[in-house]
$ cat my_file-v6.txt   # compact mmCIF, C-alpha atoms and all ligand atoms
# COMPACT_ATOMS: atom_id res chain seq x y z
CA MET A 1 -9.15 7.08 25.70
CA LEU A 2 -5.81 5.81 24.54
CA GLN A 3 -2.50 4.90 26.03
CA SER A 4 0.14 4.02 23.56
CA GLY A 5 3.35 2.45 24.76
CA PRO A 6 6.17 1.22 22.60
CA MET A 7 4.45 -2.10 22.06
CA GLN A 8 0.79 -2.00 23.02
CA ALA A 9 -2.10 0.39 22.38
CA THR A 10 -5.18 0.45 24.58
CA VAL A 11 -8.33 1.70 22.87
CA ARG A 12 -11.68 2.17 24.61
CA HIS A 13 -15.09 2.29 23.02
CA ALA A 14 -15.74 5.80 21.68
CA SER A 15 -19.13 7.28 22.46
CA ARG A 16 -18.88 9.59 19.42
CA LEU A 17 -16.48 10.26 16.57
CA ARG A 18 -16.01 13.80 15.27
CA GLY A 19 -13.22 15.47 13.41
CA SER A 20 -11.21 16.15 10.34
CA ILE A 21 -8.08 14.19 9.49
CA THR A 22 -5.45 14.54 6.78
CA PRO A 23 -3.67 11.18 6.52
CA PRO A 24 -0.01 11.07 5.46
CA GLY A 25 1.19 11.17 1.87
CA ASP A 26 0.36 8.17 -0.29
CA LYS A 27 2.91 5.41 0.16
CA SER A 28 2.71 4.05 -3.39
CA ILE A 29 3.14 7.48 -5.00
CA SER A 30 5.93 8.46 -2.57
CA HIS A 31 8.06 5.40 -3.39
CA ARG A 32 7.66 6.01 -7.09
CA ALA A 33 8.41 9.74 -6.86
CA VAL A 34 11.79 9.07 -5.22
CA ILE A 35 12.85 6.00 -7.20
CA PHE A 36 11.90 7.47 -10.57
CA ASN A 37 13.41 10.90 -9.91
CA ALA A 38 16.62 9.29 -8.63
CA ILE A 39 17.17 7.72 -12.06
CA ALA A 40 15.89 10.72 -14.05
CA ASP A 41 17.62 13.69 -15.66
CA GLY A 42 17.40 16.81 -13.49
CA GLU A 43 16.22 17.77 -10.04
CA ALA A 44 12.79 17.33 -8.46
CA ARG A 45 10.97 18.44 -5.35
CA ILE A 46 8.52 16.07 -3.71
CA GLU A 47 6.00 17.59 -1.28
CA ASN A 48 4.09 15.63 1.36
CA TYR A 49 6.36 12.60 1.01
CA GLY A 50 5.03 9.65 3.03
CA PRO A 51 6.58 9.72 6.53
CA GLY A 52 6.24 5.99 7.21
CA ALA A 53 9.13 3.57 7.69
CA ASP A 54 8.52 1.99 4.26
CA CYS A 55 9.03 5.29 2.43
CA LEU A 56 12.13 5.96 4.53
CA SER A 57 13.50 2.58 3.40
CA THR A 58 13.20 3.75 -0.20
CA LEU A 59 15.02 7.03 0.61
CA ARG A 60 17.81 5.13 2.36
CA ILE A 61 18.28 2.68 -0.50
CA MET A 62 18.29 5.31 -3.26
CA ARG A 63 20.86 7.30 -1.25
CA ALA A 64 23.01 4.19 -0.87
CA LEU A 65 22.88 3.87 -4.65
CA GLY A 66 24.35 7.34 -5.04
CA ALA A 67 21.30 9.60 -5.43
CA ASP A 68 21.60 13.04 -3.81
CA ILE A 69 18.47 13.26 -1.63
CA GLU A 70 17.75 16.04 0.84
CA THR A 71 14.85 15.93 3.30
CA GLU A 72 13.64 19.33 4.37
CA SER A 73 11.32 19.00 7.32
CA ALA A 74 11.59 17.06 10.54
CA GLY A 75 9.22 14.34 9.36
CA GLY A 76 10.90 14.30 5.96
CA SER A 77 7.78 15.63 4.25
CA SER A 78 9.66 17.68 1.60
CA VAL A 79 12.26 15.80 -0.36
CA VAL A 80 14.60 17.14 -3.03
CA VAL A 81 16.06 14.51 -5.36
CA ARG A 82 19.06 15.30 -7.55
CA ALA A 83 19.74 12.36 -9.79
CA ARG A 84 23.33 11.13 -10.06
CA PRO A 85 24.59 8.14 -12.03
CA LEU A 86 23.86 5.17 -9.79
CA THR A 87 26.93 3.57 -8.24
CA GLU A 88 27.66 0.17 -6.76
CA PRO A 89 26.48 0.21 -3.13
CA ALA A 90 29.17 -0.48 -0.54
CA ASP A 91 26.87 -2.64 1.55
CA VAL A 92 23.74 -4.77 1.44
CA LEU A 93 20.59 -2.71 0.73
CA ASN A 94 17.82 -3.21 3.29
CA ALA A 95 14.19 -2.60 2.31
CA GLY A 96 12.95 -3.26 5.87
CA ASN A 97 9.27 -4.25 5.80
CA SER A 98 8.59 -2.71 2.39
CA GLY A 99 7.56 -5.02 -0.45
CA THR A 100 7.08 -2.05 -2.78
CA THR A 101 10.65 -0.88 -2.16
CA MET A 102 12.08 -4.34 -2.80
CA ARG A 103 10.09 -5.07 -5.94
CA LEU A 104 10.41 -1.64 -7.56
CA VAL A 105 14.10 -1.17 -6.74
CA SER A 106 14.71 -4.64 -8.22
CA GLY A 107 13.59 -3.30 -11.59
CA VAL A 108 16.30 -0.65 -11.36
CA LEU A 109 19.03 -2.95 -10.04
CA ALA A 110 18.32 -5.51 -12.77
CA GLY A 111 19.41 -2.92 -15.34
CA ALA A 112 22.27 -1.34 -13.36
CA PRO A 113 25.88 -2.10 -14.38
CA PHE A 114 27.07 -3.29 -10.96
CA MET A 115 26.62 -5.90 -8.27
CA SER A 116 24.14 -5.34 -5.44
CA VAL A 117 22.35 -7.31 -2.72
CA LEU A 118 18.83 -6.48 -1.55
CA THR A 119 17.33 -7.82 1.67
CA GLY A 120 14.55 -7.00 4.12
CA ASP A 121 13.12 -7.84 7.54
CA ALA A 122 11.91 -11.35 8.46
CA SER A 123 8.43 -10.69 6.99
CA LEU A 124 9.79 -9.40 3.69
CA ARG A 125 12.31 -12.23 3.45
CA SER A 126 9.39 -14.68 3.57
CA ARG A 127 7.38 -12.98 0.78
CA PRO A 128 7.45 -14.32 -2.78
CA MET A 129 10.07 -12.73 -5.02
CA GLY A 130 9.98 -15.40 -7.74
CA ARG A 131 7.23 -13.35 -9.38
CA ILE A 132 9.75 -10.57 -10.17
CA ILE A 133 12.87 -12.72 -10.55
CA GLU A 134 11.45 -14.97 -13.26
CA PRO A 135 10.53 -12.20 -15.73
CA LEU A 136 13.68 -10.20 -14.90
CA GLN A 137 15.71 -13.31 -15.73
CA LEU A 138 13.75 -13.65 -18.97
CA MET A 139 14.87 -10.09 -19.73
CA GLY A 140 18.45 -11.31 -19.29
CA ALA A 141 19.21 -10.09 -15.75
CA PRO A 142 21.58 -12.36 -13.84
CA ILE A 143 19.86 -12.58 -10.43
CA ASP A 144 20.35 -15.04 -7.60
CA ALA A 145 18.05 -15.47 -4.65
CA ARG A 146 17.59 -17.69 -1.66
CA ALA A 147 15.26 -20.72 -1.75
CA ASN A 148 15.91 -21.60 -5.37
CA GLY A 149 15.44 -18.09 -6.67
CA THR A 150 12.26 -17.22 -4.80
CA LEU A 151 13.15 -15.38 -1.57
CA ALA A 152 15.28 -12.39 -0.54
CA PRO A 153 18.13 -11.66 -0.11
CA LEU A 154 18.38 -11.04 -3.85
CA VAL A 155 21.72 -10.70 -5.62
CA PHE A 156 21.97 -8.61 -8.80
CA ARG A 157 25.08 -8.78 -10.96
CA GLY A 158 24.29 -6.18 -13.59
CA GLY A 159 23.70 -7.05 -17.18
CA SER A 160 22.10 -5.91 -20.37
CA LEU A 161 18.35 -6.35 -20.60
CA HIS A 162 16.13 -7.10 -23.54
CA GLY A 163 12.46 -6.28 -23.90
CA ILE A 164 10.00 -9.14 -23.40
CA HIS A 165 6.33 -9.84 -23.89
CA TYR A 166 5.14 -11.06 -20.52
CA ARG A 167 1.83 -12.31 -19.20
CA MET A 168 1.66 -11.50 -15.49
CA PRO A 169 0.31 -14.42 -13.42
CA VAL A 170 -1.09 -12.02 -10.78
CA ALA A 171 -2.61 -8.51 -10.84
CA SER A 172 0.24 -6.90 -8.91
CA ALA A 173 1.21 -3.25 -9.35
CA GLN A 174 4.56 -3.98 -7.73
CA LEU A 175 5.37 -6.61 -10.36
CA LYS A 176 4.07 -4.41 -13.18
CA SER A 177 6.11 -1.44 -11.97
CA CYS A 178 9.24 -3.55 -11.54
CA LEU A 179 9.00 -4.66 -15.17
CA LEU A 180 8.17 -1.17 -16.47
CA LEU A 181 11.29 0.12 -14.67
CA ALA A 182 13.46 -2.67 -16.07
CA GLY A 183 11.91 -1.93 -19.48
CA LEU A 184 13.49 1.53 -19.42
CA PHE A 185 16.93 -0.14 -19.52
CA ALA A 186 16.06 -2.78 -22.15
CA ASP A 187 17.08 -2.81 -25.81
CA GLU A 188 13.52 -2.81 -27.14
CA GLU A 189 9.90 -2.48 -26.09
CA THR A 190 8.58 -4.43 -23.09
CA VAL A 191 4.93 -5.53 -23.26
CA ILE A 192 3.07 -6.64 -20.14
CA GLU A 193 -0.35 -8.30 -20.03
CA GLN A 194 -2.20 -7.95 -16.74
CA PRO A 195 -4.94 -10.33 -15.55
CA ALA A 196 -6.81 -7.32 -14.07
CA LEU A 197 -6.10 -3.62 -13.60
CA SER A 198 -3.99 -2.70 -10.61
CA ARG A 199 -2.91 0.78 -9.45
CA ASP A 200 -1.48 2.81 -12.32
CA HIS A 201 0.69 5.38 -10.51
CA THR A 202 3.76 4.18 -12.41
CA GLU A 203 2.11 4.65 -15.78
CA LEU A 204 0.88 8.16 -14.82
CA MET A 205 4.24 9.26 -13.44
CA PHE A 206 6.24 7.80 -16.35
CA ARG A 207 4.05 9.82 -18.71
CA ALA A 208 4.56 12.99 -16.66
CA MET A 209 8.30 12.26 -16.91
CA GLY A 210 8.22 12.06 -20.70
CA ILE A 211 8.16 8.28 -21.21
CA ASP A 212 5.68 6.82 -23.62
CA VAL A 213 3.65 4.16 -21.81
CA ALA A 214 1.02 2.68 -24.08
CA GLU A 215 -2.10 1.10 -22.60
CA ASP A 216 -4.49 -1.07 -24.54
CA GLY A 217 -7.06 -2.68 -22.27
CA LEU A 218 -5.07 -4.82 -19.87
CA THR A 219 -1.83 -4.55 -21.89
CA VAL A 220 0.81 -2.00 -20.92
CA SER A 221 3.99 -1.39 -22.88
CA VAL A 222 7.03 0.78 -22.42
CA LYS A 223 9.89 1.68 -24.72
CA PRO A 224 13.41 2.12 -23.36
CA GLY A 225 14.26 5.69 -22.52
CA ARG A 226 15.30 8.22 -19.90
CA LEU A 227 12.94 9.85 -17.44
CA ASN A 228 12.90 13.63 -16.97
CA ALA A 229 12.69 14.76 -13.35
CA VAL A 230 9.25 15.97 -12.27
CA ASP A 231 8.03 17.70 -9.11
CA VAL A 232 5.38 15.69 -7.27
CA THR A 233 2.86 16.74 -4.63
CA VAL A 234 1.78 13.51 -2.99
CA PRO A 235 -1.94 13.28 -2.07
CA ALA A 236 -3.06 11.76 1.24
CA ASP A 237 -3.14 7.97 1.17
CA ILE A 238 -6.60 6.49 0.53
CA SER A 239 -5.41 3.26 2.17
CA SER A 240 -4.85 5.26 5.39
CA ALA A 241 -8.09 7.23 4.92
CA ALA A 242 -9.99 3.93 4.79
CA TYR A 243 -9.62 3.41 8.57
CA TRP A 244 -11.46 6.65 9.37
CA LEU A 245 -14.13 6.03 6.74
CA VAL A 246 -14.91 2.61 8.18
CA ALA A 247 -14.84 3.97 11.75
CA ALA A 248 -17.35 6.67 10.77
CA VAL A 249 -19.79 4.56 8.79
CA CYS A 250 -19.90 1.77 11.42
CA HIS A 251 -20.23 4.03 14.48
CA PRO A 252 -23.74 5.14 15.50
CA ASP A 253 -22.71 8.74 16.25
CA ALA A 254 -20.02 9.81 13.80
CA GLU A 255 -19.17 12.58 11.38
CA VAL A 256 -15.67 12.54 9.97
CA GLN A 257 -13.90 14.41 7.17
CA VAL A 258 -10.77 13.03 5.55
CA ARG A 259 -9.02 15.70 3.49
CA GLY A 260 -6.84 15.81 0.41
CA VAL A 261 -7.18 12.10 -0.37
CA GLY A 262 -5.91 10.60 -3.63
CA VAL A 263 -8.90 9.16 -5.49
CA ASN A 264 -7.21 7.58 -8.49
CA PRO A 265 -9.85 5.12 -9.80
CA SER A 266 -7.36 2.25 -9.55
CA ARG A 267 -7.36 2.82 -5.76
CA THR A 268 -10.99 3.67 -4.96
CA GLY A 269 -12.34 0.13 -4.64
CA VAL A 270 -12.79 0.75 -0.92
CA LEU A 271 -15.13 3.68 -1.65
CA ASP A 272 -17.06 1.63 -4.21
CA ALA A 273 -17.44 -1.27 -1.75
CA LEU A 274 -18.52 0.91 1.18
CA VAL A 275 -20.99 2.90 -0.94
CA ALA A 276 -22.41 -0.37 -2.32
CA MET A 277 -22.91 -1.42 1.33
CA GLY A 278 -24.96 1.74 1.87
CA ALA A 279 -22.28 3.93 3.46
CA ASP A 280 -22.97 7.66 3.57
CA ILE A 281 -19.68 8.90 2.10
CA ARG A 282 -19.55 12.14 0.16
CA ILE A 283 -16.75 12.91 -2.29
CA GLU A 284 -16.24 16.70 -2.31
CA ASN A 285 -13.89 19.31 -3.82
CA ARG A 286 -12.59 17.05 -6.55
CA ARG A 287 -9.38 18.45 -8.00
CA SER A 288 -6.23 17.28 -9.72
CA GLU A 289 -2.76 17.52 -8.18
CA GLY A 290 0.20 16.55 -10.32
CA GLY A 291 -1.85 14.31 -12.60
CA GLU A 292 -3.52 12.42 -9.72
CA PRO A 293 -7.18 13.07 -8.77
CA VAL A 294 -7.69 14.32 -5.20
CA ALA A 295 -10.83 14.96 -3.10
CA ASP A 296 -12.11 15.52 0.42
CA LEU A 297 -14.22 12.69 1.81
CA SER A 298 -17.01 13.07 4.38
CA ALA A 299 -18.34 9.99 6.10
CA ARG A 300 -21.04 9.60 8.72
CA SER A 301 -22.97 6.94 10.63
CA SER A 302 -24.70 4.63 8.15
CA THR A 303 -26.87 1.56 7.92
CA LEU A 304 -24.83 -1.06 6.11
CA GLU A 305 -25.90 -4.10 4.09
CA ALA A 306 -23.72 -7.11 3.21
CA ILE A 307 -22.28 -7.36 -0.31
CA GLU A 308 -19.99 -9.66 -2.28
CA ILE A 309 -16.45 -8.34 -2.86
CA GLY A 310 -14.32 -10.14 -5.44
CA GLY A 311 -13.01 -10.29 -9.00
CA ASP A 312 -11.52 -7.17 -10.55
CA LEU A 313 -12.48 -5.14 -7.47
CA ILE A 314 -9.85 -6.91 -5.32
CA PRO A 315 -6.72 -5.23 -6.81
CA ARG A 316 -8.47 -1.85 -6.36
CA LEU A 317 -8.89 -2.41 -2.60
CA VAL A 318 -6.23 -5.01 -1.86
CA ASP A 319 -4.81 -3.26 1.22
CA GLU A 320 -8.26 -2.41 2.61
CA VAL A 321 -9.62 -5.97 2.92
CA PRO A 322 -8.99 -6.28 6.70
CA VAL A 323 -10.77 -3.02 7.51
CA LEU A 324 -13.59 -3.88 5.08
CA ALA A 325 -13.98 -7.19 6.92
CA LEU A 326 -14.42 -5.12 10.08
CA ALA A 327 -17.06 -3.00 8.32
CA ALA A 328 -18.86 -6.20 7.32
CA CYS A 329 -19.27 -7.03 11.04
CA PHE A 330 -21.65 -4.03 11.19
CA ALA A 331 -23.60 -4.86 8.01
CA LYS A 332 -26.91 -6.67 7.84
CA GLY A 333 -26.40 -10.08 6.23
CA THR A 334 -23.38 -12.09 5.15
CA THR A 335 -20.53 -10.42 3.27
CA HIS A 336 -18.43 -12.70 1.09
CA ILE A 337 -14.89 -11.56 0.23
CA LYS A 338 -13.42 -13.81 -2.46
CA ASP A 339 -10.56 -13.95 -5.02
CA ALA A 340 -8.32 -12.46 -2.34
CA ALA A 341 -5.68 -15.20 -1.84
CA GLU A 342 -2.97 -12.52 -2.38
CA LEU A 343 -3.83 -11.31 1.13
CA ARG A 344 -2.05 -14.38 2.48
CA ILE A 345 1.33 -13.14 1.27
CA LYS A 346 1.22 -9.54 2.47
CA GLU A 347 3.13 -8.33 5.55
CA SER A 348 1.26 -11.12 7.37
CA ASP A 349 -1.30 -13.69 6.23
CA ARG A 350 -4.07 -11.12 6.45
CA LEU A 351 -6.93 -13.60 5.92
CA ARG A 352 -5.70 -15.72 8.81
CA VAL A 353 -4.96 -12.76 11.11
CA THR A 354 -8.21 -10.93 10.28
CA ASN A 355 -10.20 -14.09 11.01
CA ARG A 356 -8.26 -14.84 14.21
CA GLU A 357 -8.47 -11.34 15.68
CA LEU A 358 -12.03 -10.42 14.71
CA THR A 359 -13.13 -13.78 16.12
CA ARG A 360 -11.45 -12.79 19.40
CA LEU A 361 -13.65 -9.67 19.45
CA GLY A 362 -16.80 -11.73 18.90
CA ALA A 363 -17.28 -11.43 15.14
CA ARG A 364 -19.04 -14.18 13.21
CA ILE A 365 -16.40 -14.77 10.58
CA GLU A 366 -15.13 -17.72 8.59
CA GLU A 367 -11.80 -18.03 6.80
CA LEU A 368 -11.91 -19.35 3.24
CA PRO A 369 -8.93 -20.36 1.08
CA ASP A 370 -9.26 -17.15 -0.95
CA GLY A 371 -11.27 -14.87 1.31
CA LEU A 372 -13.56 -14.42 4.27
CA ARG A 373 -17.24 -14.80 5.01
CA ILE A 374 -18.56 -12.40 7.65
CA THR A 375 -22.06 -12.34 9.10
CA GLY A 376 -22.84 -8.94 10.52
CA GLY A 377 -24.71 -8.07 13.66
CA ALA A 378 -22.68 -9.92 16.29
CA LYS A 379 -21.80 -7.60 19.17
CA LEU A 380 -18.06 -6.85 19.27
CA THR A 381 -16.55 -6.84 22.77
CA GLY A 382 -13.09 -5.44 23.58
CA ALA A 383 -10.32 -8.03 23.89
CA ALA A 384 -6.54 -8.44 23.86
CA CYS A 385 -5.62 -8.50 20.15
CA ARG A 386 -2.42 -9.35 18.31
CA SER A 387 -1.40 -7.40 15.22
CA SER A 388 1.26 -9.91 14.05
CA ASN A 389 3.58 -6.90 13.50
CA ASP A 390 1.50 -5.93 10.48
CA HIS A 391 0.69 -2.21 10.18
CA ARG A 392 -2.67 -2.73 8.49
CA MET A 393 -3.74 -5.29 11.08
CA ALA A 394 -2.68 -3.00 13.96
CA MET A 395 -4.72 -0.13 12.50
CA THR A 396 -7.76 -2.30 11.73
CA LEU A 397 -7.72 -3.55 15.33
CA GLY A 398 -7.38 0.03 16.60
CA ILE A 399 -10.57 0.95 14.72
CA ALA A 400 -12.24 -2.23 16.01
CA GLY A 401 -11.38 -1.01 19.52
CA LEU A 402 -13.28 2.26 18.93
CA LEU A 403 -16.35 0.34 17.78
CA ALA A 404 -16.32 -2.57 20.25
CA SER A 405 -17.63 -2.25 23.79
CA GLY A 406 -15.14 -1.95 26.64
CA GLU A 407 -11.40 -1.97 26.12
CA THR A 408 -9.25 -3.45 23.37
CA THR A 409 -5.48 -3.81 23.46
CA VAL A 410 -3.35 -4.16 20.34
CA THR A 411 0.16 -5.62 20.43
CA SER A 412 3.03 -4.14 18.39
CA ALA A 413 0.93 -1.04 17.87
CA GLU A 414 4.07 0.77 16.73
CA SER A 415 3.94 -1.21 13.48
CA ALA A 416 1.34 1.35 12.29
CA SER A 417 4.31 3.65 11.65
CA VAL A 418 5.29 1.52 8.66
CA SER A 419 2.72 3.59 6.73
CA TYR A 420 1.04 5.95 9.22
CA PRO A 421 3.22 7.16 12.13
CA SER A 422 0.54 9.50 13.56
CA PHE A 423 -2.24 6.90 13.41
CA TRP A 424 -2.71 6.49 17.17
CA ASP A 425 -2.66 10.28 17.74
CA ASP A 426 -5.27 10.76 15.00
CA LEU A 427 -7.37 7.97 16.54
CA GLY A 428 -7.20 9.74 19.90
CA SER A 429 -8.21 13.10 18.42
CA LEU A 430 -11.15 11.60 16.54
CA ALA A 431 -12.54 9.89 19.62
CA GLY A 432 -11.79 13.03 21.65
CA ALA A 433 -12.72 13.59 25.25
CA GLY A 434 -16.20 12.18 24.76
CA SER A 435 -15.09 8.56 24.80
C1 LIG B 1 1.55 -1.54 -4.10
C2 LIG B 1 0.90 -2.61 -4.67
C3 LIG B 1 0.14 -3.62 -3.88
C4 LIG B 1 -0.17 -3.12 -2.48
C5 LIG B 1 1.02 -2.49 -1.83
C6 LIG B 1 1.51 -1.29 -2.65
C7 LIG B 1 2.29 -0.61 -4.96
O1 LIG B 1 0.93 -4.79 -3.77
O2 LIG B 1 -0.62 -4.19 -1.68
O3 LIG B 1 0.70 -2.04 -0.53
O4 LIG B 1 2.65 0.50 -4.50
O5 LIG B 1 2.52 -0.95 -6.13
P1 LIG B 1 0.89 -5.94 -4.91
O6 LIG B 1 1.52 -5.40 -6.13
O7 LIG B 1 1.69 -7.07 -4.32
O8 LIG B 1 -0.55 -6.28 -5.08
$ encode --input "my_file-v6.txt" --output "structure tokens" --more "lines below"
Ligand code: S3P
Amino acid sequence: MLQSGPMQATVRHASRLRGSITPPGDKSISHRAVIFNAIADGEARIENYGPGADCLSTLRIMRALGADIETESAGGSSVVVRARPLTEPADVLNAGNSGTTMRLVSGVLAGAPFMSVLTGDASLRSRPMGRIIEPLQLMGAPIDARANGTLAPLVFRGGSLHGIHYRMPVASAQLKSCLLLAGLFADEETVIEQPALSRDHTELMFRAMGIDVAEDGLTVSVKPGRLNAVDVTVPADISSAAYWLVAAVCHPDAEVQVRGVGVNPSRTGVLDALVAMGADIRIENRRSEGGEPVADLSARSSTLEAIEIGGDLIPRLVDEVPVLALAACFAKGTTHIKDAAELRIKESDRLRVTNRELTRLGARIEELPDGLRITGGAKLTGAACRSSNDHRMAMTLGIAGLLASGETTVTSAESASVSYPSFWDDLGSLAGAGS
């Protein structure tokens, strides 16, 4: 069914999809668990830490800043963090491909009493950092950055921060979390107004760590203070689960379980959208692990109808737009995805790449300035696809390969390991010998 080399995956149409998958630990929660515990008082154990390259970038950077971090299994799934006073790093800190690492760590470095430089790979160095630099400078942080203060590398010189009242121009959880972190080091309360709700893992974890985060509608505020270490069991990543859910609901002969998935309401937009399209997805065994809701999800072959996806739903499914666009290819009618211009400044321009690659497979799709319009029902035929080194595009195209006729190849398939190193193995096991 699948051959996966260092650069290219080959996926053939699957005649049936059956199986049960537990995706890796949630990337957003993993980053936060390590960064927050590294600046907390005490020692914490993190179970099911995300094994992807992005989460490893966070481990590497927090170690370089002096945190004592031990990884306990081969894949690094158990992590023990013993906080130490942060110290000036001896070298440039490299966040690799990880926007979350860069933006969250910036909130810590802005309040740290030393000089540091933070960079990333070519993709990350082209992503907008002005959105964090501007408010951090308003808080009093002396920060320099390339391209007139908008692009990494970023240079922090240490300084004392004051609390601000800030209206965020975009509903970004990375920006919100950066400012909440910096707010811990400020001299007075920091108040942040969001244009729409984005994932609230920072707020939940701060509270579990003894910090008072007040929420009033779209306004979040934090008072300066110290975090207390807290053990975290990371649920499976709903953004990784989304690939299997879409595969199952679009395939004519599929039954798939995805287990132990984090279903925090600020992340379940993908479930809401698929269910609104008519997807047969059951949410079972709801439970709570470490303050985050968790459930098992069962998805099966479904008859899908087009919907409109936009507004406040977008931040709740921001990373799932490419795979939802694929689902829309199997829905009756025209799906309109709008208010999603943020997709253009992710690891790749995901509106452009989704349009380009799904077109290659035969989809009827149109790129809009802030979204996509997809008319379902066109037959998808295997083709040679390019992932643009973007993990979410590589995985979306892998799922497209299972659903399309014939054979699909995906370049830089290894980029899936940014968030989901076992993705291609799980894809192979789901399609099994029957494909
Ligand atoms: C994330 C927030 C989102 C998301 C990213 C993870 C986080 O980014 O796309 O994958 O962990 O806070 P934005 O804040 O840029 O929307």
$ residues_near_ligand --input "my_file-v6.txt" --ligand "ligand LIG 1 (chain B)" --cutoff "6 Å" --atoms "only C-alpha atoms and all ligand atoms" --output "PyMOL selection string"
chain A and resi 28+100+172-175+318-319
$ closest_residue --input "my_file-v6.txt" --among "A:Asp390, A:Asp41, A:Asp370, A:Glu357" --to "A:Leu343" --atoms "all atoms listed in the file"
A:Asp370
$ atom_distance --input "my_file-v6.txt" --atom1 "atom CA of A:Val11" --atom2 "atom CA of A:Gly333"
27.2 Å
$ atom_distance --input "my_file-v6.txt" --atom1 "atom CA of A:Arg360" --atom2 "atom CA of A:Gly382"
8.6 Å
$ closest_residue --input "my_file-v6.txt" --among "A:Leu403, A:Ala110, A:Met102, A:Ile29" --to "A:Leu181" --atoms "only C-alpha atoms"
A:Ala110
$ closest_residue --input "my_file-v6.txt" --among "A:Pro128, A:Pro24, A:Gly183, A:Pro322" --to "A:Ser77" --atoms "all atoms listed in the file"
A:Pro24
$ closest_residue --input "my_file-v6.txt" --among "A:Ala196, A:Ile238, A:Val323, A:Val230" --to "A:Gly291" --atoms "all atoms listed in the file"
A:Val230
$ residues_around --input "my_file-v6.txt" --residues "stretch 206-220 of chain A" --least-positions-apart "3" --cutoff "8 Å" --atoms "all atoms listed in the file" --output "list in words"
Val191, Ile192, Glu193, Gln194, Pro195, Ala196, Leu197, Thr202, Glu203, Lys223, Gly225, Arg226, Leu227, Asn228, Ala229, Val230 and Gly291 of chain A
$ closest_residue --input "my_file-v6.txt" --among "A:Ser221, A:Ser240, A:Ser387, A:Thr22" --to "A:Thr190" --atoms "all atoms listed in the file"
A:Ser221
$ closest_residue --input "my_file-v6.txt" --among "A:Ala416, A:Arg103, A:Glu255, A:Ala171" --to "A:Gly311" --atoms "all atoms listed in the file"
A:Ala171
$ residues_around --input "my_file-v6.txt" --residues "stretch 33-37 of chain A" --least-positions-apart "6" --cutoff "10 Å" --atoms "all atoms listed in the file" --output "count of residues only"
39
$ atom_distance --input "my_file-v6.txt" --atom1 "atom CA of A:Gly159" --atom2 "atom CA of A:Phe114"
8.0 Å
$ residues_near_point --input "my_file-v6.txt" --point "(-1.1, -0.2, 10.6)" --cutoff "12 Å" --atoms "only C-alpha atoms" --output "ChimeraX atom specification"
/A:9,52-54,239-243,319-320,322-323,347-348,387-399,410-424,427
$ decode --input "my_file-v6.txt" --residues "stretch 86-94 of chain A" --atoms "N, CA, C and O atoms" --output "PDB file, in the first residue's frame"
ATOM      1  N   LEU A  86      16.516  30.565  34.997  1.00  0.00           N
ATOM      2  CA  LEU A  86      16.976  30.584  33.603  1.00  0.00           C
ATOM      3  C   LEU A  86      18.291  31.351  33.508  1.00  0.00           C
ATOM      4  O   LEU A  86      18.513  32.322  34.234  1.00  0.00           O
ATOM      5  N   THR A  87      19.154  30.893  32.603  1.00  0.00           N
ATOM      6  CA  THR A  87      20.460  31.531  32.451  1.00  0.00           C
ATOM      7  C   THR A  87      20.667  31.933  30.992  1.00  0.00           C
ATOM      8  O   THR A  87      20.045  31.367  30.084  1.00  0.00           O
ATOM      9  N   GLU A  88      21.571  32.890  30.800  1.00  0.00           N
ATOM     10  CA  GLU A  88      21.825  33.369  29.436  1.00  0.00           C
ATOM     11  C   GLU A  88      22.329  32.216  28.570  1.00  0.00           C
ATOM     12  O   GLU A  88      23.306  31.560  28.930  1.00  0.00           O
ATOM     13  N   PRO A  89      21.673  31.962  27.433  1.00  0.00           N
ATOM     14  CA  PRO A  89      22.124  30.847  26.582  1.00  0.00           C
ATOM     15  C   PRO A  89      23.453  31.190  25.908  1.00  0.00           C
ATOM     16  O   PRO A  89      23.690  32.336  25.540  1.00  0.00           O
ATOM     17  N   ALA A  90      24.295  30.155  25.747  1.00  0.00           N
ATOM     18  CA  ALA A  90      25.626  30.379  25.183  1.00  0.00           C
ATOM     19  C   ALA A  90      25.576  30.531  23.676  1.00  0.00           C
ATOM     20  O   ALA A  90      26.564  30.928  23.056  1.00  0.00           O
ATOM     21  N   ASP A  91      24.449  30.186  23.074  1.00  0.00           N
ATOM     22  CA  ASP A  91      24.378  30.219  21.612  1.00  0.00           C
ATOM     23  C   ASP A  91      22.973  30.677  21.188  1.00  0.00           C
ATOM     24  O   ASP A  91      22.069  30.799  22.017  1.00  0.00           O
ATOM     25  N   VAL A  92      22.830  30.853  19.895  1.00  0.00           N
ATOM     26  CA  VAL A  92      21.521  31.204  19.326  1.00  0.00           C
ATOM     27  C   VAL A  92      20.543  30.059  19.587  1.00  0.00           C
ATOM     28  O   VAL A  92      20.907  28.887  19.486  1.00  0.00           O
ATOM     29  N   LEU A  93      19.302  30.388  19.936  1.00  0.00           N
ATOM     30  CA  LEU A  93      18.264  29.374  20.174  1.00  0.00           C
ATOM     31  C   LEU A  93      17.529  29.137  18.860  1.00  0.00           C
ATOM     32  O   LEU A  93      17.134  30.103  18.190  1.00  0.00           O
ATOM     33  N   ASN A  94      17.320  27.864  18.517  1.00  0.00           N
ATOM     34  CA  ASN A  94      16.711  27.572  17.215  1.00  0.00           C
ATOM     35  C   ASN A  94      15.385  26.833  17.390  1.00  0.00           C
ATOM     36  O   ASN A  94      15.358  25.706  17.871  1.00  0.00           O
TER      37      ASN A  94
END
